[in-house]
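Dumped my_file.pdb below, it's PDB, C-alpha atoms and all ligand atoms:
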ATOM      1  CA  MET A   1      43.365 -26.776 -19.004  1.00  0.00           C
ATOM      2  CA  VAL A   2      44.646 -24.048 -16.728  1.00  0.00           C
ATOM      3  CA  PRO A   3      44.536 -20.626 -18.412  1.00  0.00           C
ATOM      4  CA  SER A   4      47.843 -18.795 -18.725  1.00  0.00           C
ATOM      5  CA  ARG A   5      48.442 -15.897 -16.368  1.00  0.00           C
ATOM      6  CA  SER A   6      47.691 -13.314 -19.071  1.00  0.00           C
ATOM      7  CA  SER A   7      44.428 -14.928 -20.066  1.00  0.00           C
ATOM      8  CA  ARG A   8      43.417 -15.088 -16.390  1.00  0.00           C
ATOM      9  CA  VAL A   9      44.088 -11.361 -16.110  1.00  0.00           C
ATOM     10  CA  ALA A  10      42.042 -10.794 -19.258  1.00  0.00           C
ATOM     11  CA  ILE A  11      39.161 -12.845 -17.856  1.00  0.00           C
ATOM     12  CA  VAL A  12      39.204 -10.898 -14.592  1.00  0.00           C
ATOM     13  CA  ALA A  13      39.337  -7.594 -16.482  1.00  0.00           C
ATOM     14  CA  ALA A  14      36.417  -8.650 -18.686  1.00  0.00           C
ATOM     15  CA  PHE A  15      34.435  -9.679 -15.626  1.00  0.00           C
ATOM     16  CA  ILE A  16      35.045  -6.363 -13.891  1.00  0.00           C
ATOM     17  CA  SER A  17      34.119  -4.369 -16.992  1.00  0.00           C
ATOM     18  CA  LEU A  18      30.890  -6.377 -17.258  1.00  0.00           C
ATOM     19  CA  CYS A  19      29.983  -5.852 -13.612  1.00  0.00           C
ATOM     20  CA  LEU A  20      30.913  -2.199 -13.221  1.00  0.00           C
ATOM     21  CA  PRO A  21      28.083  -0.800 -15.363  1.00  0.00           C
ATOM     22  CA  LEU A  22      25.645  -3.072 -13.524  1.00  0.00           C
ATOM     23  CA  ALA A  23      26.865  -1.843 -10.155  1.00  0.00           C
ATOM     24  CA  THR A  24      26.723   1.816 -11.119  1.00  0.00           C
ATOM     25  CA  SER A  25      23.297   1.549 -12.786  1.00  0.00           C
ATOM     26  CA  ALA A  26      21.923  -0.365  -9.778  1.00  0.00           C
ATOM     27  CA  ALA A  27      22.988   2.509  -7.561  1.00  0.00           C
ATOM     28  CA  VAL A  28      20.790   5.015  -9.392  1.00  0.00           C
ATOM     29  CA  ILE A  29      17.661   2.834  -9.723  1.00  0.00           C
ATOM     30  CA  LYS A  30      14.890   4.435  -7.680  1.00  0.00           C
ATOM     31  CA  PRO A  31      12.855   2.251  -5.313  1.00  0.00           C
ATOM     32  CA  LYS A  32       9.981   0.757  -7.267  1.00  0.00           C
ATOM     33  CA  ASP A  33       6.541   1.567  -5.953  1.00  0.00           C
ATOM     34  CA  TRP A  34       5.091  -1.642  -4.517  1.00  0.00           C
ATOM     35  CA  LYS A  35       1.703  -0.882  -6.084  1.00  0.00           C
ATOM     36  CA  LEU A  36       3.222  -1.229  -9.562  1.00  0.00           C
ATOM     37  CA  ALA A  37       4.236  -4.779  -8.666  1.00  0.00           C
ATOM     38  CA  VAL A  38       0.623  -5.678  -7.900  1.00  0.00           C
ATOM     39  CA  GLY A  39      -0.809  -4.117 -11.046  1.00  0.00           C
ATOM     40  CA  TRP A  40      -1.324  -0.406 -10.358  1.00  0.00           C
ATOM     41  CA  ASN A  41      -1.253   1.498 -13.661  1.00  0.00           C
ATOM     42  CA  GLY A  42       0.258   4.607 -12.095  1.00  0.00           C
ATOM     43  CA  THR A  43      -2.888   6.730 -12.089  1.00  0.00           C
ATOM     44  CA  THR A  44      -3.556   8.698  -8.922  1.00  0.00           C
ATOM     45  CA  LEU A  45      -7.282   9.273  -8.705  1.00  0.00           C
ATOM     46  CA  PRO A  46      -8.694  12.350  -6.991  1.00  0.00           C
ATOM     47  CA  ALA A  47      -9.620  11.711  -3.355  1.00  0.00           C
ATOM     48  CA  SER A  48     -13.264  12.200  -4.323  1.00  0.00           C
ATOM     49  CA  ALA A  49     -13.105   9.095  -6.546  1.00  0.00           C
ATOM     50  CA  PHE A  50     -13.253   6.974  -3.370  1.00  0.00           C
ATOM     51  CA  GLY A  51     -15.732   8.998  -1.352  1.00  0.00           C
ATOM     52  CA  ARG A  52     -15.943  12.078   0.796  1.00  0.00           C
ATOM     53  CA  SER A  53     -15.085  13.127   4.305  1.00  0.00           C
ATOM     54  CA  MET A  54     -17.817  12.867   6.950  1.00  0.00           C
ATOM     55  CA  GLY A  55     -15.707  14.884   9.372  1.00  0.00           C
ATOM     56  CA  PRO A  56     -12.671  14.551  11.601  1.00  0.00           C
ATOM     57  CA  PHE A  57     -11.503  11.154  12.828  1.00  0.00           C
ATOM     58  CA  THR A  58     -10.125  10.607  16.301  1.00  0.00           C
ATOM     59  CA  PRO A  59      -7.924   7.497  16.460  1.00  0.00           C
ATOM     60  CA  PRO A  60      -9.079   4.926  19.019  1.00  0.00           C
ATOM     61  CA  ALA A  61      -7.471   5.373  22.425  1.00  0.00           C
ATOM     62  CA  GLY A  62      -4.296   3.398  22.900  1.00  0.00           C
ATOM     63  CA  THR A  63      -3.602   2.857  19.224  1.00  0.00           C
ATOM     64  CA  SER A  64      -1.103   4.614  17.069  1.00  0.00           C
ATOM     65  CA  ALA A  65       0.793   4.029  13.900  1.00  0.00           C
ATOM     66  CA  SER A  66       3.417   1.458  14.766  1.00  0.00           C
ATOM     67  CA  ALA A  67       7.062   2.368  15.086  1.00  0.00           C
ATOM     68  CA  ALA A  68       7.775   0.132  12.098  1.00  0.00           C
ATOM     69  CA  SER A  69       5.285   1.986   9.949  1.00  0.00           C
ATOM     70  CA  GLN A  70       6.627   5.365  11.041  1.00  0.00           C
ATOM     71  CA  LYS A  71      10.138   4.206  10.197  1.00  0.00           C
ATOM     72  CA  LEU A  72       9.110   2.949   6.762  1.00  0.00           C
ATOM     73  CA  GLY A  73       7.420   6.283   6.235  1.00  0.00           C
ATOM     74  CA  SER A  74      10.672   8.155   6.531  1.00  0.00           C
ATOM     75  CA  VAL A  75      12.821   5.600   4.730  1.00  0.00           C
ATOM     76  CA  GLN A  76      10.479   4.909   1.820  1.00  0.00           C
ATOM     77  CA  ALA A  77       8.532   8.137   1.572  1.00  0.00           C
ATOM     78  CA  ASP A  78       9.347   8.235  -2.130  1.00  0.00           C
ATOM     79  CA  ILE A  79       7.197   5.191  -2.865  1.00  0.00           C
ATOM     80  CA  GLY A  80       4.001   6.695  -1.553  1.00  0.00           C
ATOM     81  CA  ARG A  81       2.439   9.138   0.824  1.00  0.00           C
ATOM     82  CA  PRO A  82       0.823   8.699   4.235  1.00  0.00           C
ATOM     83  CA  GLY A  83      -2.896   8.688   3.473  1.00  0.00           C
ATOM     84  CA  GLY A  84      -2.364   7.087   0.076  1.00  0.00           C
ATOM     85  CA  VAL A  85      -4.305   3.840  -0.309  1.00  0.00           C
ATOM     86  CA  PHE A  86      -4.457   1.288  -3.100  1.00  0.00           C
ATOM     87  CA  ILE A  87      -7.746  -0.622  -2.951  1.00  0.00           C
ATOM     88  CA  CYS A  88      -9.243  -3.396  -5.064  1.00  0.00           C
ATOM     89  CA  ILE A  89     -12.681  -4.947  -5.064  1.00  0.00           C
ATOM     90  CA  ASN A  90     -11.267  -8.492  -5.248  1.00  0.00           C
ATOM     91  CA  VAL A  91      -8.677 -10.385  -3.246  1.00  0.00           C
ATOM     92  CA  ASP A  92      -5.093 -10.644  -4.562  1.00  0.00           C
ATOM     93  CA  TRP A  93      -5.237  -7.007  -5.790  1.00  0.00           C
ATOM     94  CA  GLN A  94      -7.638  -8.079  -8.539  1.00  0.00           C
ATOM     95  CA  GLY A  95     -10.787  -6.627 -10.055  1.00  0.00           C
ATOM     96  CA  GLU A  96     -11.276  -2.893 -10.199  1.00  0.00           C
ATOM     97  CA  CYS A  97      -8.503  -1.132  -8.294  1.00  0.00           C
ATOM     98  CA  GLY A  98      -7.729   2.471  -7.543  1.00  0.00           C
ATOM     99  CA  TYR A  99      -5.153   4.617  -5.811  1.00  0.00           C
ATOM    100  CA  ALA A 100      -5.934   7.953  -4.171  1.00  0.00           C
ATOM    101  CA  VAL A 101      -4.506  10.004  -1.328  1.00  0.00           C
ATOM    102  CA  GLN A 102      -6.944  10.958   1.403  1.00  0.00           C
ATOM    103  CA  PRO A 103      -6.495  13.700   3.985  1.00  0.00           C
ATOM    104  CA  LEU A 104      -5.257  12.274   7.286  1.00  0.00           C
ATOM    105  CA  ASN A 105      -7.559  12.066  10.312  1.00  0.00           C
ATOM    106  CA  GLU A 106     -10.710  12.399   8.214  1.00  0.00           C
ATOM    107  CA  CYS A 107     -13.502   9.826   8.181  1.00  0.00           C
ATOM    108  CA  ILE A 108     -13.997   8.900   4.529  1.00  0.00           C
ATOM    109  CA  VAL A 109     -17.331   7.381   3.526  1.00  0.00           C
ATOM    110  CA  LEU A 110     -16.917   5.243   0.418  1.00  0.00           C
ATOM    111  CA  ASP A 111     -19.001   5.665  -2.722  1.00  0.00           C
ATOM    112  CA  SER A 112     -19.786   3.136  -5.436  1.00  0.00           C
ATOM    113  CA  PRO A 113     -18.030   1.012  -6.606  1.00  0.00           C
ATOM    114  CA  TRP A 114     -15.966   0.787  -3.411  1.00  0.00           C
ATOM    115  CA  ARG A 115     -18.572   0.685  -0.659  1.00  0.00           C
ATOM    116  CA  ASP A 116     -19.053  -2.880   0.655  1.00  0.00           C
ATOM    117  CA  THR A 117     -16.832  -4.286  -2.087  1.00  0.00           C
ATOM    118  CA  ILE A 118     -13.198  -3.878  -1.000  1.00  0.00           C
ATOM    119  CA  SER A 119     -11.211  -7.103  -0.594  1.00  0.00           C
ATOM    120  CA  SER A 120      -7.648  -5.731  -0.852  1.00  0.00           C
ATOM    121  CA  PHE A 121      -6.551  -2.690   1.138  1.00  0.00           C
ATOM    122  CA  GLY A 122      -3.027  -1.295   0.791  1.00  0.00           C
ATOM    123  CA  PRO A 123      -1.915   1.845   2.636  1.00  0.00           C
ATOM    124  CA  ASP A 124       1.269   3.601   1.622  1.00  0.00           C
ATOM    125  CA  PRO A 125       4.042   3.633   4.233  1.00  0.00           C
ATOM    126  CA  GLY A 126       3.750   5.983   7.170  1.00  0.00           C
ATOM    127  CA  ALA A 127       0.098   5.811   8.157  1.00  0.00           C
ATOM    128  CA  THR A 128      -2.274   3.376   9.799  1.00  0.00           C
ATOM    129  CA  CYS A 129      -5.695   3.178   8.193  1.00  0.00           C
ATOM    130  CA  PHE A 130      -8.723   2.087  10.205  1.00  0.00           C
ATOM    131  CA  ALA A 131     -11.678   0.655   8.327  1.00  0.00           C
ATOM    132  CA  PHE A 132     -15.291   0.287   9.462  1.00  0.00           C
ATOM    133  CA  SER A 133     -18.494  -1.459   8.433  1.00  0.00           C
ATOM    134  CA  SER A 134     -20.791   0.846  10.389  1.00  0.00           C
ATOM    135  CA  GLY A 135     -21.409   3.621   7.882  1.00  0.00           C
ATOM    136  CA  ASN A 136     -19.284   5.918  10.027  1.00  0.00           C
ATOM    137  CA  CYS A 137     -15.938   5.822  11.851  1.00  0.00           C
ATOM    138  CA  ASP A 138     -17.396   5.120  15.274  1.00  0.00           C
ATOM    139  CA  THR A 139     -14.674   3.126  16.965  1.00  0.00           C
ATOM    140  CA  ASN A 140     -17.237   1.176  18.973  1.00  0.00           C
ATOM    141  CA  ASP A 141     -18.287  -0.586  15.795  1.00  0.00           C
ATOM    142  CA  GLY A 142     -16.356  -3.272  13.973  1.00  0.00           C
ATOM    143  CA  GLU A 143     -13.016  -1.931  12.911  1.00  0.00           C
ATOM    144  CA  TRP A 144      -9.940  -3.234  11.197  1.00  0.00           C
ATOM    145  CA  SER A 145      -6.564  -1.609  10.788  1.00  0.00           C
ATOM    146  CA  PHE A 146      -4.151  -1.708   7.886  1.00  0.00           C
ATOM    147  CA  GLU A 147      -0.561  -0.683   7.466  1.00  0.00           C
ATOM    148  CA  TYR A 148       1.861  -0.775   4.537  1.00  0.00           C
ATOM    149  CA  PRO A 149       1.894  -2.880   2.423  1.00  0.00           C
ATOM    150  CA  GLY A 150      -1.620  -3.906   3.403  1.00  0.00           C
ATOM    151  CA  ASP A 151      -3.737  -7.031   3.152  1.00  0.00           C
ATOM    152  CA  ASP A 152      -5.091  -8.586  -0.037  1.00  0.00           C
ATOM    153  CA  THR A 153      -6.995 -11.470   1.579  1.00  0.00           C
ATOM    154  CA  GLY A 154     -10.249  -9.795   2.599  1.00  0.00           C
ATOM    155  CA  GLY A 155      -9.487 -11.313   5.989  1.00  0.00           C
ATOM    156  CA  ILE A 156     -11.507 -14.303   4.760  1.00  0.00           C
ATOM    157  CA  TRP A 157      -9.260 -16.785   6.545  1.00  0.00           C
ATOM    158  CA  THR A 158      -9.825 -15.088   9.893  1.00  0.00           C
ATOM    159  CA  THR A 159     -12.822 -15.108  12.205  1.00  0.00           C
ATOM    160  CA  ASP A 160     -13.162 -11.378  11.557  1.00  0.00           C
ATOM    161  CA  SER A 161     -13.422 -11.115   7.774  1.00  0.00           C
ATOM    162  CA  TRP A 162     -13.651  -7.609   6.368  1.00  0.00           C
ATOM    163  CA  ASN A 163     -14.296  -8.813   2.830  1.00  0.00           C
ATOM    164  CA  ASP A 164     -17.010  -6.709   1.131  1.00  0.00           C
ATOM    165  CA  LYS A 165     -17.855  -5.004   4.434  1.00  0.00           C
ATOM    166  CA  ILE A 166     -15.941  -1.736   4.494  1.00  0.00           C
ATOM    167  CA  THR A 167     -18.114   1.378   4.317  1.00  0.00           C
ATOM    168  CA  ASN A 168     -15.650   3.895   5.787  1.00  0.00           C
ATOM    169  CA  PHE A 169     -12.009   4.359   6.538  1.00  0.00           C
ATOM    170  CA  ALA A 170      -9.670   6.881   8.078  1.00  0.00           C
ATOM    171  CA  CYS A 171      -5.879   7.083   7.937  1.00  0.00           C
ATOM    172  CA  THR A 172      -3.772   8.557  10.705  1.00  0.00           C
ATOM    173  CA  THR A 173      -0.133   8.995  11.569  1.00  0.00           C
ATOM    174  CA  SER A 174      -0.744   9.861  15.212  1.00  0.00           C
TER     175      SER A 174
HETATM  176  C1  LIG B 201      -5.716   3.388 -14.827  1.00  0.00           C
HETATM  177  O1  LIG B 201      -6.676   2.970 -13.899  1.00  0.00           O
HETATM  178  C2  LIG B 201      -7.676   3.922 -13.620  1.00  0.00           C
HETATM  179  C3  LIG B 201      -8.525   3.371 -12.503  1.00  0.00           C
HETATM  180  O2  LIG B 201      -7.751   3.245 -11.348  1.00  0.00           O
HETATM  181  C4  LIG B 201      -8.451   4.241 -14.871  1.00  0.00           C
HETATM  182  O3  LIG B 201      -9.412   5.215 -14.597  1.00  0.00           O
HETATM  183  C5  LIG B 201      -7.516   4.724 -15.944  1.00  0.00           C
HETATM  184  O4  LIG B 201      -8.229   4.881 -17.136  1.00  0.00           O
HETATM  185  C6  LIG B 201      -6.371   3.745 -16.152  1.00  0.00           C
HETATM  186  N1  LIG B 201      -5.410   4.341 -17.055  1.00  0.00           N
HETATM  187  C7  LIG B 201      -4.852   3.678 -18.032  1.00  0.00           C
HETATM  188  C8  LIG B 201      -3.852   4.432 -18.835  1.00  0.00           C
HETATM  189  O5  LIG B 201      -5.130   2.507 -18.259  1.00  0.00           O
END

Starting from the file, give its structure as structure tokens.
Amino acid sequence: MVPSRSSRVAIVAAFISLCLPLATSAAVIKPKDWKLAVGWNGTTLPASAFGRSMGPFTPPAGTSASAASQKLGSVQADIGRPGGVFICINVDWQGECGYAVQPLNECIVLDSPWRDTISSFGPDPGATCFAFSSGNCDTNDGEWSFEYPGDDTGGIWTTDSWNDKITNFACTTS
């Protein structure tokens, strides 16, 4: 059966009235923080919950936060802060997790339960975080780098796994 002209108009009007509220409410929805999607409970821990600064960090020569990361930092600044990191002691953002914002360009030495346990490392947009297994941030020692949204594999499928090895990290935007 082909609907009469008036019932077609009514159907179209009903469709528009259904969709309009959806369209307008979608426009005001704020970007959802990616960490919530992977299980973050919304608590920002004090920086000292991860560890403490050992002193200033100088990024390795020839490296800098990528253009993509810088761009995300400006576009999505409202879903995190450069220097913010979400870390978990298991892969797949599992096990004990925590989120804290560290000062940029500082070498953070991790305390228990994070030292030598991290298997998921997720920086907020806008910074690159370098991680080390050396007990310091000496760039001559093994180092890994992470950018938003991070890596939840421990690097266990690579020849350079960082699973349960990180003692220190430092985030930088330069
Ligand atoms: C959220 O997780 C933190 C650890 O990151 C924990 O200390 C806190 O108690 C949790 N809060 C709630 C409401 O579950």

Would you name the residues within 7 Å of ligand LIG 201 (chain B), counting all atoms listed in the file, and put them as a PyMOL selection string?
chain A and resi 41-43+45+97-99

Do you know which residues are at most 9 Å from Phe146 (chain A) counting only C-alpha atoms, after dropping those on the same chain fewer than 6 positions away, and could you put them as a PDB file with C-alpha atoms, in the coordinates of the input?
ATOM      1  CA  PHE A 121      -6.551  -2.690   1.138  1.00  0.00           C
ATOM      2  CA  GLY A 122      -3.027  -1.295   0.791  1.00  0.00           C
ATOM      3  CA  PRO A 123      -1.915   1.845   2.636  1.00  0.00           C
ATOM      4  CA  ALA A 127       0.098   5.811   8.157  1.00  0.00           C
ATOM      5  CA  THR A 128      -2.274   3.376   9.799  1.00  0.00           C
ATOM      6  CA  CYS A 129      -5.695   3.178   8.193  1.00  0.00           C
ATOM      7  CA  PHE A 130      -8.723   2.087  10.205  1.00  0.00           C
ATOM      8  CA  ALA A 131     -11.678   0.655   8.327  1.00  0.00           C
ATOM      9  CA  CYS A 171      -5.879   7.083   7.937  1.00  0.00           C
TER      10      CYS A 171
END

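Among the candidates A:Trp162, A:Asn168, A:Tyr148, A:Asn105, the one nearest to Thr58 (chain A) when counting only C-alpha atoms is A:Asn105.
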
Here's the selection I'm unsure about, the PyMOL selection byres (((chain A and resi 108) around 7) and not hetatm); applied to the file above, which residues does it give, as JSON, numbers by chain?
{"A": [51, 52, 53, 54, 106, 107, 109, 110, 168, 169, 170]}

Could you please take those selected residues and save C-alpha atoms as a PDB file, in the coordinates of the input?
ATOM      1  CA  GLY A  51     -15.732   8.998  -1.352  1.00  0.00           C
ATOM      2  CA  ARG A  52     -15.943  12.078   0.796  1.00  0.00           C
ATOM      3  CA  SER A  53     -15.085  13.127   4.305  1.00  0.00           C
ATOM      4  CA  MET A  54     -17.817  12.867   6.950  1.00  0.00           C
ATOM      5  CA  GLU A 106     -10.710  12.399   8.214  1.00  0.00           C
ATOM      6  CA  CYS A 107     -13.502   9.826   8.181  1.00  0.00           C
ATOM      7  CA  VAL A 109     -17.331   7.381   3.526  1.00  0.00           C
ATOM      8  CA  LEU A 110     -16.917   5.243   0.418  1.00  0.00           C
ATOM      9  CA  ASN A 168     -15.650   3.895   5.787  1.00  0.00           C
ATOM     10  CA  PHE A 169     -12.009   4.359   6.538  1.00  0.00           C
ATOM     11  CA  ALA A 170      -9.670   6.881   8.078  1.00  0.00           C
TER      12      ALA A 170
END

Here is a test: counting all atoms listed in the file, which residue of A:Phe57, A:Ile79, A:Asn90, A:Val85 is nearest to Asn136 (chain A)?
A:Phe57

Can you work out the spacing between CA of Asp92 (chain A) and CA of Pro46 (chain A) in Å, to one decimal?
23.4 Å

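With CA of Gln102 (chain A) on one side and CA of Thr159 (chain A) on the other, the separation reads 28.8 Å.
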
Could you tell me which residues the PyMOL selection byres (((chain A and resi 95) around 12) and not hetatm) grabs in this file, written as a VMD selection string?
chain A and resid 38 to 40 87 to 94 96 to 98 113 to 114 117 to 120 152

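Using only C-alpha atoms, the shortest contact distance between Ser133 (chain A) and any of A:Leu36, A:Arg115, A:Ala100, A:Thr158 is found at A:Arg115.
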
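CA of Pro60 (chain A) sits 12.3 Å away from CA of Thr173 (chain A).
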
Return as lines of an AutoDock Vina configuration file the box centre and box size in Å, one decimal, for an axis-aligned box around all listed atoms of region 126-142 of chain A padded by 3 Å per side.
center_x = -8.8
center_y = 1.4
center_z = 13.1
size_x = 31.2
size_y = 15.3
size_z = 17.8
